[in-house]
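K.L.:
Got a file for you: query-v5.cif, mmCIF, C-alpha atoms.
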data_target
loop_
_atom_site.label_atom_id
_atom_site.label_comp_id
_atom_site.auth_asym_id
_atom_site.auth_seq_id
_atom_site.Cartn_x
_atom_site.Cartn_y
_atom_site.Cartn_z
CA MET P 1 8.38 158.21 -107.49
CA ALA P 2 8.32 154.82 -109.05
CA SER P 3 10.88 153.62 -106.59
CA GLU P 4 8.79 154.78 -103.67
CA SER P 5 5.69 153.09 -105.03
CA GLY P 6 7.48 149.83 -105.47
CA GLN P 7 8.83 149.95 -101.97
CA SER P 8 5.41 150.68 -100.59
CA GLY P 9 4.00 147.72 -102.49
CA ASN P 10 6.61 145.38 -101.14
CA GLU P 11 5.91 146.47 -97.62
CA PHE P 12 2.16 145.72 -98.08
CA THR P 13 2.89 142.33 -99.56
CA ASP P 14 5.16 141.34 -96.68
CA GLY P 15 2.58 142.35 -94.02
CA ALA P 16 -0.25 140.50 -95.76
CA TRP P 17 1.94 137.46 -96.06
CA ALA P 18 2.64 137.58 -92.34
CA ASP P 19 -1.12 137.78 -91.63
CA VAL P 20 -1.78 134.82 -93.88
CA LEU P 21 0.86 132.75 -92.15
CA ALA P 22 -0.60 133.63 -88.77
CA ALA P 23 -4.09 132.70 -89.96
CA VAL P 24 -2.79 129.43 -91.33
CA ASP P 25 -1.17 128.64 -88.00
CA ARG P 26 -4.37 129.38 -86.17
CA THR P 27 -6.42 127.33 -88.61
CA TYR P 28 -4.02 124.43 -88.34
CA ALA P 29 -4.15 124.57 -84.56
CA ASP P 30 -7.95 124.63 -84.71
CA LEU P 31 -7.93 121.70 -87.11
CA VAL P 32 -5.66 119.73 -84.78
CA THR P 33 -7.96 120.52 -81.86
CA HIS P 34 -11.09 119.57 -83.81
CA GLN P 35 -9.38 116.42 -85.05
CA GLN P 36 -8.62 115.42 -81.45
CA GLN P 37 -12.19 116.17 -80.44
CA LEU P 38 -13.52 114.11 -83.34
CA GLU P 39 -11.26 111.24 -82.43
CA ASP P 40 -12.41 111.43 -78.79
CA GLN P 41 -16.04 111.56 -79.82
CA SER P 42 -15.51 108.72 -82.25
CA GLU P 43 -13.92 106.64 -79.48
CA ARG P 44 -16.81 107.40 -77.14
CA LEU P 45 -19.25 106.48 -79.91
CA HIS P 46 -17.44 103.21 -80.46
CA GLU P 47 -17.51 102.53 -76.71
CA LEU P 48 -21.23 103.28 -76.65
CA GLN P 49 -21.79 100.97 -79.62
CA ARG P 50 -19.77 98.25 -77.94
CA PHE P 51 -21.78 98.75 -74.73
CA ILE P 52 -25.09 98.57 -76.59
CA GLY P 53 -23.84 95.52 -78.46
CA SER P 54 -22.83 93.81 -75.22
CA VAL P 55 -26.25 94.58 -73.74
CA LEU P 56 -28.05 93.27 -76.81
CA GLY P 57 -25.81 90.22 -76.78
CA SER P 58 -26.23 89.37 -73.11
CA VAL P 59 -29.89 90.02 -72.29
CA ASN P 60 -32.01 86.90 -71.93
CA ASP P 61 -35.25 88.61 -72.91
CA VAL P 62 -35.73 89.22 -76.63
CA MET P 63 -35.23 92.87 -77.64
CA ALA P 64 -35.69 94.83 -80.83
CA ILE P 65 -35.20 98.55 -81.60
CA VAL P 66 -37.36 99.80 -84.46
CA ASP P 67 -37.83 103.11 -86.27
CA ARG P 68 -41.09 105.00 -86.68
CA ALA P 69 -42.07 102.83 -89.66
CA GLY P 70 -41.57 99.60 -87.71
CA LYS P 71 -38.28 98.60 -89.38
CA ILE P 72 -35.80 96.82 -87.14
CA GLU P 73 -32.63 98.82 -86.44
CA GLU P 74 -31.05 96.63 -83.74
CA VAL P 75 -31.89 93.24 -82.24
CA SER P 76 -30.68 91.25 -79.27
CA ALA P 77 -28.74 88.06 -79.72
CA SER P 78 -31.54 86.24 -77.88
CA LEU P 79 -34.07 87.21 -80.56
CA ALA P 80 -31.64 86.15 -83.29
CA ARG P 81 -31.16 82.79 -81.55
CA ALA P 82 -34.88 82.31 -81.07
CA THR P 83 -35.71 82.96 -84.73
CA LYS P 84 -32.49 81.33 -86.07
CA ARG P 85 -32.27 84.13 -88.65
CA GLY P 86 -29.21 85.99 -87.42
CA ALA P 87 -29.00 89.61 -86.31
CA ASP P 88 -27.84 90.92 -89.73
CA ALA P 89 -30.74 89.19 -91.47
CA LEU P 90 -33.28 90.75 -89.09
CA ILE P 91 -31.99 94.32 -89.27
CA GLY P 92 -33.94 96.27 -91.89
CA THR P 93 -36.91 93.89 -91.90
CA ASP P 94 -40.40 94.69 -90.67
CA LEU P 95 -41.00 93.86 -87.00
CA HIS P 96 -44.35 92.31 -87.94
CA ASP P 97 -42.49 89.48 -89.70
CA VAL P 98 -41.19 88.24 -86.33
CA PHE P 99 -44.73 87.50 -85.10
CA VAL P 100 -47.40 85.05 -86.17
CA PRO P 101 -50.40 86.75 -87.87
CA GLU P 102 -52.42 87.09 -84.65
CA GLY P 103 -49.36 88.49 -82.88
CA ALA P 104 -48.79 90.99 -85.71
CA GLN P 105 -52.35 92.28 -85.21
CA ALA P 106 -51.69 92.70 -81.49
CA LEU P 107 -48.49 94.57 -82.38
CA ASP P 108 -50.45 96.95 -84.64
CA GLY P 109 -52.80 97.77 -81.78
CA ALA P 110 -49.87 98.38 -79.42
CA ILE P 111 -48.12 100.68 -81.94
CA ALA P 112 -51.33 102.66 -82.50
CA TYR P 113 -51.73 103.13 -78.75
CA LEU P 114 -48.08 104.10 -78.41
CA ARG P 115 -48.39 106.82 -81.07
CA LEU P 116 -51.40 108.33 -79.34
CA SER P 117 -50.34 108.12 -75.70
CA MET P 118 -46.55 107.79 -75.81
CA ASP P 119 -46.96 105.43 -72.83
CA ALA P 120 -45.47 101.96 -72.66
CA THR P 121 -47.96 99.23 -73.50
CA ARG P 122 -47.97 95.53 -72.71
CA PHE P 123 -49.54 92.57 -74.47
CA GLU P 124 -49.12 88.85 -75.06
CA ALA P 125 -48.30 87.47 -78.49
CA ASP P 126 -46.66 84.49 -80.18
CA ILE P 127 -43.26 84.97 -81.83
CA GLN P 128 -42.42 82.70 -84.72
CA THR P 129 -39.33 80.90 -83.43
CA ALA P 130 -37.34 78.16 -85.10
CA ASP P 131 -39.25 75.59 -83.02
CA GLY P 132 -42.66 77.05 -83.84
CA PRO P 133 -44.83 79.76 -82.28
CA ALA P 134 -43.88 80.58 -78.66
CA PRO P 135 -45.86 82.83 -76.30
CA PHE P 136 -44.13 85.97 -75.02
CA ASP P 137 -45.05 88.75 -72.63
CA ILE P 138 -44.29 91.87 -74.73
CA THR P 139 -43.59 95.41 -73.54
CA LEU P 140 -43.45 98.17 -76.19
CA SER P 141 -41.91 101.51 -75.13
CA ALA P 142 -41.57 104.78 -77.05
CA ARG P 143 -38.34 106.23 -78.43
CA VAL P 144 -38.34 110.02 -78.64
CA ASN P 145 -35.89 112.65 -79.87
CA ASP P 146 -34.70 115.79 -78.10
CA SER P 147 -37.86 117.63 -79.05
CA GLY P 148 -40.05 114.88 -77.64
CA ARG P 149 -41.28 113.51 -80.97
CA LEU P 150 -41.73 109.78 -81.51
CA ILE P 151 -38.93 108.32 -83.60
CA GLY P 152 -39.46 104.62 -82.96
CA ALA P 153 -39.98 102.03 -80.26
CA VAL P 154 -38.17 99.48 -78.12
CA LEU P 155 -39.69 96.00 -77.83
CA VAL P 156 -38.80 93.70 -74.94
CA GLY P 157 -40.31 90.21 -74.64
CA ARG P 158 -40.07 87.58 -71.95
CA PRO P 159 -41.03 83.95 -72.64
CA LEU P 160 -44.33 83.20 -70.92
CA GLY P 161 -43.25 79.62 -70.39
CA GLU P 162 -40.71 80.79 -67.80
CA LEU P 163 -43.27 83.08 -66.15
CA ARG P 164 -45.87 80.35 -65.98
CA GLN P 165 -43.32 77.96 -64.55
CA ALA P 166 -42.43 80.57 -61.93
CA TYR P 167 -46.12 81.08 -61.14
CA SER P 168 -46.59 77.32 -60.86
CA GLU P 169 -43.64 77.05 -58.48
CA LEU P 170 -45.03 79.95 -56.45
CA GLU P 171 -48.43 78.25 -56.31
CA ARG P 172 -46.85 74.98 -55.21
CA SER P 173 -44.89 76.81 -52.51
CA HIS P 174 -48.09 78.50 -51.34
CA GLN P 175 -49.89 75.18 -51.17
CA GLN P 176 -46.98 73.67 -49.25
CA LEU P 177 -47.11 76.54 -46.78
CA GLN P 178 -50.84 76.03 -46.34
CA SER P 179 -50.32 72.31 -45.82
CA ALA P 180 -47.55 73.00 -43.32
CA GLN P 181 -49.78 75.42 -41.45
CA THR P 182 -52.62 72.87 -41.37
CA GLN P 183 -50.18 70.22 -40.16
CA LEU P 184 -48.93 72.53 -37.41
CA VAL P 185 -52.50 73.10 -36.26
CA ARG P 186 -53.16 69.37 -36.22
CA ASN P 187 -49.90 68.63 -34.42
CA GLU P 188 -50.65 71.22 -31.78
CA LYS P 189 -54.14 69.79 -31.39
CA LEU P 190 -52.74 66.26 -31.04
CA ALA P 191 -50.31 67.55 -28.42
CA SER P 192 -53.25 69.02 -26.51
CA LEU P 193 -55.26 65.84 -26.88
CA GLY P 194 -52.32 63.81 -25.60
CA ARG P 195 -52.40 65.74 -22.35
CA LEU P 196 -56.08 64.90 -21.99
CA LEU P 197 -55.80 61.14 -22.50
CA ALA P 198 -55.83 60.32 -18.80
CA GLY P 199 -58.98 62.32 -18.24
CA VAL P 200 -60.64 60.86 -21.33
CA ALA P 201 -59.80 57.33 -20.25
CA HIS P 202 -61.38 58.01 -16.86
CA GLU P 203 -64.43 59.57 -18.49
CA LEU P 204 -64.93 56.54 -20.72
CA ASN P 205 -64.10 53.95 -18.07
CA ASN P 206 -66.92 54.93 -15.73
CA PRO P 207 -69.88 54.64 -18.12
CA ILE P 208 -68.41 51.57 -19.82
CA SER P 209 -68.02 49.87 -16.45
CA PHE P 210 -71.58 50.87 -15.64
CA VAL P 211 -72.87 49.35 -18.87
CA TYR P 212 -70.79 46.23 -18.30
CA ALA P 213 -72.13 45.73 -14.77
CA ASN P 214 -75.73 46.23 -15.86
CA THR P 215 -75.21 43.80 -18.73
CA HIS P 216 -74.20 41.09 -16.26
CA ALA P 217 -77.26 41.89 -14.13
CA LEU P 218 -79.49 41.66 -17.20
CA GLU P 219 -78.02 38.26 -18.04
CA LYS P 220 -78.78 37.02 -14.51
CA TYR P 221 -82.35 38.32 -14.62
CA VAL P 222 -82.97 36.85 -18.09
CA SER P 223 -81.81 33.40 -16.96
CA ARG P 224 -84.29 33.48 -14.06
CA PHE P 225 -87.17 34.43 -16.34
CA GLU P 226 -86.12 31.71 -18.79
CA THR P 227 -86.31 29.15 -15.94
CA TYR P 228 -89.81 30.30 -15.01
CA PHE P 229 -91.15 30.25 -18.60
CA GLU P 230 -89.68 26.82 -19.22
CA ARG P 231 -91.82 25.50 -16.33
CA VAL P 232 -94.85 27.34 -17.75
CA GLN P 233 -94.38 25.67 -21.13
CA ALA P 234 -93.84 22.31 -19.44
CA GLY P 235 -97.37 22.53 -17.96
CA ALA P 236 -96.50 23.10 -14.29
CA ASP P 237 -99.53 23.68 -12.08
CA ARG P 238 -100.41 26.98 -10.49
CA ASP P 239 -99.07 26.17 -7.03
CA GLU P 240 -95.67 25.21 -8.44
CA LEU P 241 -95.48 28.38 -10.52
CA VAL P 242 -96.43 30.55 -7.57
CA ALA P 243 -93.74 28.92 -5.46
CA LEU P 244 -91.21 29.23 -8.30
CA ARG P 245 -91.98 32.93 -8.73
CA ALA P 246 -91.41 33.50 -5.06
CA ASP P 247 -88.23 31.43 -5.08
CA LEU P 248 -86.82 33.29 -8.16
CA LYS P 249 -88.05 36.65 -6.81
CA LEU P 250 -89.44 37.55 -10.23
CA GLU P 251 -91.43 40.58 -9.07
CA ARG P 252 -88.36 42.23 -7.58
CA ASN P 253 -86.19 41.11 -10.52
CA LEU P 254 -88.67 42.63 -12.95
CA LYS P 255 -88.21 46.02 -11.28
CA ASN P 256 -84.44 45.53 -11.20
CA LEU P 257 -84.54 44.54 -14.85
CA ARG P 258 -86.00 47.88 -15.80
CA GLU P 259 -83.44 49.68 -13.65
CA ALA P 260 -80.62 47.71 -15.28
CA ILE P 261 -81.92 48.59 -18.74
CA ARG P 262 -82.19 52.25 -17.77
CA GLY P 263 -78.71 52.17 -16.25
CA ALA P 264 -77.18 50.54 -19.33
CA SER P 265 -78.94 53.09 -21.53
CA ASP P 266 -77.63 55.99 -19.43
CA GLY P 267 -74.09 54.60 -19.56
CA ALA P 268 -74.32 54.16 -23.34
CA GLU P 269 -75.55 57.74 -23.72
CA ARG P 270 -72.64 59.01 -21.64
CA VAL P 271 -70.22 57.12 -23.89
CA ARG P 272 -71.99 58.55 -26.94
CA ASP P 273 -71.69 62.09 -25.57
CA ILE P 274 -67.98 61.66 -24.83
CA VAL P 275 -67.31 60.27 -28.31
CA ALA P 276 -69.35 63.09 -29.85
CA ASP P 277 -67.32 65.67 -27.94
CA LEU P 278 -64.11 64.01 -29.06
CA ARG P 279 -65.26 64.05 -32.66
CA ARG P 280 -66.04 67.74 -32.44
CA LEU P 281 -62.75 68.45 -30.72
CA SER P 282 -60.72 66.57 -33.33
CA ALA P 283 -62.38 68.26 -36.30
CA ASP P 284 -59.74 69.46 -38.76
CA GLY P 285 -61.42 72.82 -39.24
CA THR P 286 -61.89 72.45 -43.01
CA SER P 287 -65.67 72.76 -42.78
CA ALA P 288 -67.31 75.89 -44.13
CA ARG P 289 -67.56 78.86 -41.83
CA GLY P 290 -70.94 79.73 -40.46
CA PRO P 291 -72.72 81.19 -37.46
CA LEU P 292 -72.01 79.39 -34.20
CA ASP P 293 -72.40 80.01 -30.48
CA LEU P 294 -69.03 81.07 -29.06
CA VAL P 295 -70.24 80.42 -25.49
CA GLU P 296 -71.19 76.81 -26.25
CA ILE P 297 -68.00 76.19 -28.26
CA ALA P 298 -65.86 77.59 -25.43
CA ARG P 299 -67.64 75.52 -22.77
CA VAL P 300 -67.07 72.29 -24.70
CA ALA P 301 -63.37 73.09 -25.22
CA ALA P 302 -62.85 74.17 -21.60
CA HIS P 303 -64.66 71.07 -20.35
CA TRP P 304 -62.17 68.82 -22.14
CA VAL P 305 -59.24 70.72 -20.66
CA GLU P 306 -60.81 70.30 -17.20
CA ARG P 307 -61.04 66.54 -17.74
CA GLY P 308 -57.27 66.32 -18.07
CA THR P 309 -56.43 68.61 -15.16
CA LYS P 310 -55.15 66.70 -12.14
CA ALA P 311 -56.08 69.54 -9.80
CA GLN P 312 -59.74 69.13 -10.78
CA LEU P 313 -59.95 72.87 -11.38
CA LYS P 314 -63.19 74.09 -12.95
CA ALA P 315 -63.47 77.15 -15.14
CA GLN P 316 -65.93 79.88 -14.26
CA TYR P 317 -68.14 81.68 -16.78
CA THR P 318 -69.29 85.30 -16.72
CA GLY P 319 -70.97 87.66 -19.13
CA LEU P 320 -73.34 86.70 -21.92
CA ASP P 321 -75.00 83.27 -22.08
CA ARG P 322 -75.15 83.26 -25.89
CA LEU P 323 -72.86 84.93 -28.42
CA ILE P 324 -73.23 84.11 -32.11
CA VAL P 325 -70.08 84.61 -34.17
CA GLN P 326 -68.95 83.78 -37.70
CA GLY P 327 -66.26 81.12 -37.87
CA THR P 328 -65.17 77.50 -38.00
CA ALA P 329 -65.98 75.52 -34.88
CA GLY P 330 -62.88 73.30 -34.93
CA HIS P 331 -60.45 76.20 -35.19
CA ILE P 332 -62.15 78.31 -32.53
CA GLN P 333 -62.20 75.30 -30.19
CA GLN P 334 -58.46 74.97 -30.72
CA ILE P 335 -57.89 78.61 -29.71
CA VAL P 336 -60.01 78.26 -26.56
CA MET P 337 -58.31 74.98 -25.60
CA ASN P 338 -54.88 76.62 -25.88
CA LEU P 339 -55.92 79.63 -23.80
CA VAL P 340 -57.67 77.58 -21.10
CA GLN P 341 -54.82 75.04 -20.94
CA ASN P 342 -52.29 77.85 -20.46
CA ALA P 343 -54.47 79.39 -17.76
CA MET P 344 -54.86 76.03 -15.98
CA ASP P 345 -51.09 75.50 -16.09
CA ALA P 346 -50.49 78.98 -14.67
CA VAL P 347 -52.62 78.35 -11.54
CA ARG P 348 -52.00 74.62 -11.17
CA ASP P 349 -49.87 75.01 -8.03
CA LEU P 350 -51.97 77.75 -6.43
CA PRO P 351 -54.20 76.74 -3.48
CA GLU P 352 -57.07 78.87 -4.79
CA GLY P 353 -56.45 78.98 -8.52
CA GLN P 354 -59.14 80.56 -10.66
CA VAL P 355 -59.77 80.51 -14.41
CA THR P 356 -62.55 82.71 -15.78
CA LEU P 357 -64.08 82.89 -19.26
CA ASP P 358 -65.95 86.13 -19.88
CA PHE P 359 -68.18 86.75 -22.92
CA ALA P 360 -69.05 90.25 -24.12
CA VAL P 361 -69.63 92.47 -27.16
CA GLN P 362 -67.31 95.45 -27.65
CA ASP P 363 -67.05 97.79 -30.65
CA GLY P 364 -69.28 95.54 -32.73
CA GLN P 365 -67.23 92.39 -32.14
CA ALA P 366 -67.57 89.38 -29.89
CA VAL P 367 -64.93 89.28 -27.14
CA LEU P 368 -63.89 86.20 -25.16
CA SER P 369 -61.54 86.99 -22.27
CA VAL P 370 -59.67 84.13 -20.60
CA ARG P 371 -58.23 85.25 -17.27
CA ASP P 372 -56.44 83.57 -14.40
CA ASN P 373 -55.06 84.70 -11.06
CA GLY P 374 -51.56 83.42 -11.75
CA ALA P 375 -48.35 85.39 -12.11
CA GLY P 376 -49.22 86.64 -15.60
CA VAL P 377 -46.81 87.31 -18.45
CA ALA P 378 -43.50 88.92 -17.50
CA PRO P 379 -42.87 92.37 -19.09
CA GLU P 380 -39.83 91.10 -20.98
CA HIS P 381 -41.92 88.33 -22.57
CA ARG P 382 -44.94 90.36 -23.69
CA ASP P 383 -43.55 91.32 -27.11
CA ALA P 384 -42.56 87.72 -27.94
CA ILE P 385 -45.54 85.88 -26.48
CA PHE P 386 -47.10 85.17 -29.92
CA ASP P 387 -43.82 84.30 -31.67
CA PRO P 388 -43.56 80.73 -33.03
CA PHE P 389 -41.74 78.28 -30.73
CA PHE P 390 -41.57 80.81 -27.88
CA THR P 391 -42.58 79.27 -24.57
CA THR P 392 -41.95 79.93 -20.89
CA LYS P 393 -42.83 76.37 -19.92
CA PRO P 394 -40.16 73.80 -19.00
CA VAL P 395 -38.71 71.63 -21.74
CA GLY P 396 -41.15 68.90 -22.71
CA GLN P 397 -44.23 70.73 -21.41
CA GLY P 398 -44.86 73.10 -24.30
CA THR P 399 -44.27 73.27 -28.05
CA GLY P 400 -44.29 77.07 -28.27
CA LEU P 401 -46.80 76.88 -31.13
CA GLY P 402 -50.14 77.13 -29.31
CA LEU P 403 -50.41 80.91 -29.01
CA SER P 404 -48.73 81.52 -32.38
CA ILE P 405 -51.18 79.27 -34.21
CA SER P 406 -54.11 80.66 -32.23
CA HIS P 407 -53.06 84.22 -33.15
CA LYS P 408 -52.91 83.25 -36.84
CA ILE P 409 -56.31 81.51 -36.74
CA ALA P 410 -57.91 84.54 -35.08
CA GLU P 411 -56.58 86.83 -37.82
CA GLU P 412 -57.81 84.47 -40.54
CA HIS P 413 -61.28 84.70 -38.98
CA GLY P 414 -61.20 88.48 -39.21
CA GLY P 415 -60.56 88.87 -35.49
CA SER P 416 -57.57 89.14 -33.20
CA LEU P 417 -55.86 87.56 -30.21
CA SER P 418 -54.16 89.97 -27.84
CA LEU P 419 -52.64 90.11 -24.39
CA GLY P 420 -54.58 92.20 -21.90
CA PRO P 421 -53.17 94.27 -19.04
CA GLY P 422 -53.94 91.69 -16.36
CA PRO P 423 -53.48 91.25 -13.45
CA GLY P 424 -52.57 87.61 -13.95
CA GLY P 425 -53.02 85.92 -17.27
CA ASP P 426 -55.35 87.92 -19.52
CA PHE P 427 -55.91 86.94 -23.14
CA ARG P 428 -58.64 88.43 -25.31
CA LEU P 429 -60.06 86.79 -28.42
CA THR P 430 -62.17 88.98 -30.71
CA LEU P 431 -64.29 87.53 -33.53
CA PRO P 432 -66.76 89.08 -36.00
CA LEU P 433 -70.39 88.79 -34.99
CA ALA P 434 -72.62 86.70 -37.22
CA ASP P 435 -75.92 87.79 -38.71
CA THR P 436 -78.31 87.67 -35.77
CA ASP P 437 -81.12 86.57 -38.08
CA ALA P 438 -79.17 83.50 -39.21
CA PRO P 439 -79.55 80.33 -37.12
CA ALA P 440 -76.57 79.20 -35.11
CA GLN P 441 -74.60 76.34 -36.60
CA PRO P 442 -76.18 73.14 -35.25
CA LEU P 443 -74.19 70.58 -33.33
CA PRO P 444 -73.35 67.40 -35.23
CA HIS P 445 -75.87 64.60 -34.85
CA GLY P 446 -75.94 62.97 -31.45
CA GLU P 447 -74.02 65.68 -29.61
CA LYS P 448 -75.25 67.52 -26.56
CA GLU P 449 -74.43 70.90 -25.14
CA ILE P 450 -72.36 70.93 -21.97
CA PRO P 451 -74.66 71.78 -19.06
CA ARG P 452 -74.29 75.33 -17.79
#
Could the structure of this file be written out as structure tokens, please?

P.N.:
Amino acid sequence: MASESGQSGNEFTDGAWADVLAAVDRTYADLVTHQQQLEDQSERLHELQRFIGSVLGSVNDVMAIVDRAGKIEEVSASLARATKRGADALIGTDLHDVFVPEGAQALDGAIAYLRLSMDATRFEADIQTADGPAPFDITLSARVNDSGRLIGAVLVGRPLGELRQAYSELERSHQQLQSAQTQLVRNEKLASLGRLLAGVAHELNNPISFVYANTHALEKYVSRFETYFERVQAGADRDELVALRADLKLERNLKNLREAIRGASDGAERVRDIVADLRRLSADGTSARGPLDLVEIARVAAHWVERGTKAQLKAQYTGLDRLIVQGTAGHIQQIVMNLVQNAMDAVRDLPEGQVTLDFAVQDGQAVLSVRDNGAGVAPEHRDAIFDPFFTTKPVGQGTGLGLSISHKIAEEHGGSLSLGPGPGGDFRLTLPLADTDAPAQPLPHGEKEIPR
């Protein structure tokens, strides 16, 4: 019996030992697997740390990662360079120490807002750098855990000096663009005026010649009266004076003298009117906007285009006789001159060319339509007609800027410049109506309205 018991015990011991060995093998295999997993995770963690370190070392904006209590956990190399304290010296310190006292107060307000809303907040504050306080544009964002609870914050700051320099450069570029636009308008206006020089010279030559001729007549009449009065002062008798008056024809000369004065005055007024029109036409458009009569402005501009047209073509006017709009006279004149000049060029070679300016009110806006009976705009050119430097005129006869600048001016006035369906040339300028109770903008001193 004892022998059987001992044998049974040995068999139990051998089986248990086999189970233990199997369990050890399994445990060892699991340990090897877990060890490999730990090593892989450790390598990924090191890669992540190296990545975060490279980011913190390369960003130009200052960056700090803080815990819920405001203690710095990580900083960017840029913040360490700015404070000259080193990254290791900053880690573990309070974030408030980086700011000047006023900036620390702003930081407290941002942290309080962040805890309540969990939304990123932005503020401006001075950071105490090695060179003294420097303004920064600060953004403070929340750090949350898997359950969505706040565990800290991320601070990113950009030097305001760079932003302000960028804004200054942007402002300078904007001013340069405005100056370039103004210069383009002036250049286009000078180009238009250059085409009118012949007509202007003729307009000025006639009244000046008239004044000149009447001045010579006045000189002749004055010399005759001086001769007569010299004899009066010398004590000539009545018979001699009567004969002298008849010989000098003083009665007729007196009438001619008044006519010469009236003629010289009329010629001078014509010169004054021409110069006044030129002054209005060459206005740079920088005057304040106000109510003005679109019909009168358009007639003045069209009249100057007519003066330079060799075909002596006259524009026709239809629609309203008075249309008060809000705008700048010089700029609106430039638009009308461009439209009328293009229309005149389109019908220049036609035996019965017609250019019509129509004034109306549509949909609460003033509408000026400039039409001609020419060939009109070709279908393939309609989409590009308002593009800068696009022109269908021969080289040397157009800059390609007139319609583009006119389109831009119309938009700046709150209106539009569009191409109508035709037939022929058909351009429509819309402008906002002015307050009807406000008086129309008066003409500059000494200027007259073109007769209708």

K.L.:
How would you write, as a list in words, the residues chosen by the PyMOL selection byres ((chain P and resi 372) around 6) on this structure?

P.N.:
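Evaluating the PyMOL selection byres ((chain P and resi 372) around 6) on this file yields Ala343, Gln354, Val355, Arg371, Asn373, Gly374, Gly424 and Gly425 of chain P.
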
K.L.:
Taking 5 positions as the minimum chain separation for residues in the same chain, which residues sit within 10 Å of Asn253 of chain P when counting all atoms listed in the file? Answer as a PDB file with C-alpha atoms, in the coordinates of the input.

P.N.:
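Okay, selection.pdb is ready:
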ATOM      1  CA  ALA P 217     -77.260  41.890 -14.130  1.00  0.00           C
ATOM      2  CA  LEU P 218     -79.490  41.660 -17.200  1.00  0.00           C
ATOM      3  CA  LYS P 220     -78.780  37.020 -14.510  1.00  0.00           C
ATOM      4  CA  TYR P 221     -82.350  38.320 -14.620  1.00  0.00           C
ATOM      5  CA  VAL P 222     -82.970  36.850 -18.090  1.00  0.00           C
ATOM      6  CA  ARG P 224     -84.290  33.480 -14.060  1.00  0.00           C
ATOM      7  CA  PHE P 225     -87.170  34.430 -16.340  1.00  0.00           C
ATOM      8  CA  LEU P 248     -86.820  33.290  -8.160  1.00  0.00           C
ATOM      9  CA  ARG P 258     -86.000  47.880 -15.800  1.00  0.00           C
ATOM     10  CA  GLU P 259     -83.440  49.680 -13.650  1.00  0.00           C
ATOM     11  CA  ALA P 260     -80.620  47.710 -15.280  1.00  0.00           C
TER      12      ALA P 260
END

K.L.:
Provide the atom CA of Ser117 of chain P to atom CA of Leu79 of chain P distance in Å, to one decimal place.

P.N.:
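Result for atom CA of Ser117 of chain P versus atom CA of Leu79 of chain P: 26.9 Å, one decimal.
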
K.L.:
My list of candidates is P:Ala375, P:Ala153, P:Val340, P:Ala243. Which is closest to Leu313 of chain P when distances are computed with all atoms listed in the file?

P.N.:
P:Val340

K.L.:
Would you compute the distance between atom CA of Glu230 of chain P and atom CA of Ala213 of chain P? Give it in Å to one decimal.

P.N.:
26.2 Å

K.L.:
Let me know the residues the PyMOL selection byres ((chain P and resi 368) around 8) catches in the file above, as a ChimeraX atom specification.

P.N.:
/P:357-360,366-367,369-370,428-430

K.L.:
Using all atoms listed in the file, pick whichever of P:Gly70, P:Gly319, P:Gly422, P:Gly364 has the shortest atom-to-atom distance to Ala142 of chain P.

P.N.:
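Closest candidate: P:Gly70.
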
K.L.:
Using all atoms listed in the file for the distances, tell me which of P:Leu403, P:Leu257, P:Leu150, P:Leu323 is nearest to Asn214 of chain P.

P.N.:
P:Leu257

K.L.:
If we count all atoms listed in the file, what is near Leu294 of chain P at a cut-off of 12 Å, once residues fewer than 5 positions away on the same chain are taken out, given as a compact mmCIF listing (two decimals) with C-alpha atoms, in the frame of the given file?

P.N.:
# COMPACT_ATOMS: atom_id res chain seq x y z
CA ARG P 299 -67.64 75.52 -22.77
CA VAL P 300 -67.07 72.29 -24.70
CA ALA P 301 -63.37 73.09 -25.22
CA ALA P 302 -62.85 74.17 -21.60
CA LEU P 320 -73.34 86.70 -21.92
CA ASP P 321 -75.00 83.27 -22.08
CA ARG P 322 -75.15 83.26 -25.89
CA LEU P 323 -72.86 84.93 -28.42
CA ILE P 324 -73.23 84.11 -32.11
CA VAL P 325 -70.08 84.61 -34.17
CA GLN P 326 -68.95 83.78 -37.70
CA GLY P 327 -66.26 81.12 -37.87
CA THR P 328 -65.17 77.50 -38.00
CA ALA P 329 -65.98 75.52 -34.88
CA GLY P 330 -62.88 73.30 -34.93
CA HIS P 331 -60.45 76.20 -35.19
CA ILE P 332 -62.15 78.31 -32.53
CA GLN P 333 -62.20 75.30 -30.19
CA ILE P 335 -57.89 78.61 -29.71
CA VAL P 336 -60.01 78.26 -26.56
CA LEU P 357 -64.08 82.89 -19.26
CA ASP P 358 -65.95 86.13 -19.88
CA PHE P 359 -68.18 86.75 -22.92
CA ALA P 360 -69.05 90.25 -24.12
CA VAL P 361 -69.63 92.47 -27.16
CA GLN P 365 -67.23 92.39 -32.14
CA ALA P 366 -67.57 89.38 -29.89
CA VAL P 367 -64.93 89.28 -27.14
CA LEU P 368 -63.89 86.20 -25.16
CA SER P 369 -61.54 86.99 -22.27
CA LEU P 429 -60.06 86.79 -28.42
CA THR P 430 -62.17 88.98 -30.71
CA LEU P 431 -64.29 87.53 -33.53
CA PRO P 432 -66.76 89.08 -36.00
CA LEU P 433 -70.39 88.79 -34.99
CA ALA P 434 -72.62 86.70 -37.22
CA ALA P 440 -76.57 79.20 -35.11
CA GLN P 441 -74.60 76.34 -36.60

K.L.:
Identify which of the residues P:Ala64, P:Ala180, P:Val232, P:Val98 lies closest to Val156 of chain P, counting all atoms listed in the file when measuring atom-to-atom distances.

P.N.:
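Using all atoms listed in the file, the shortest distance to Val156 of chain P belongs to P:Ala64.
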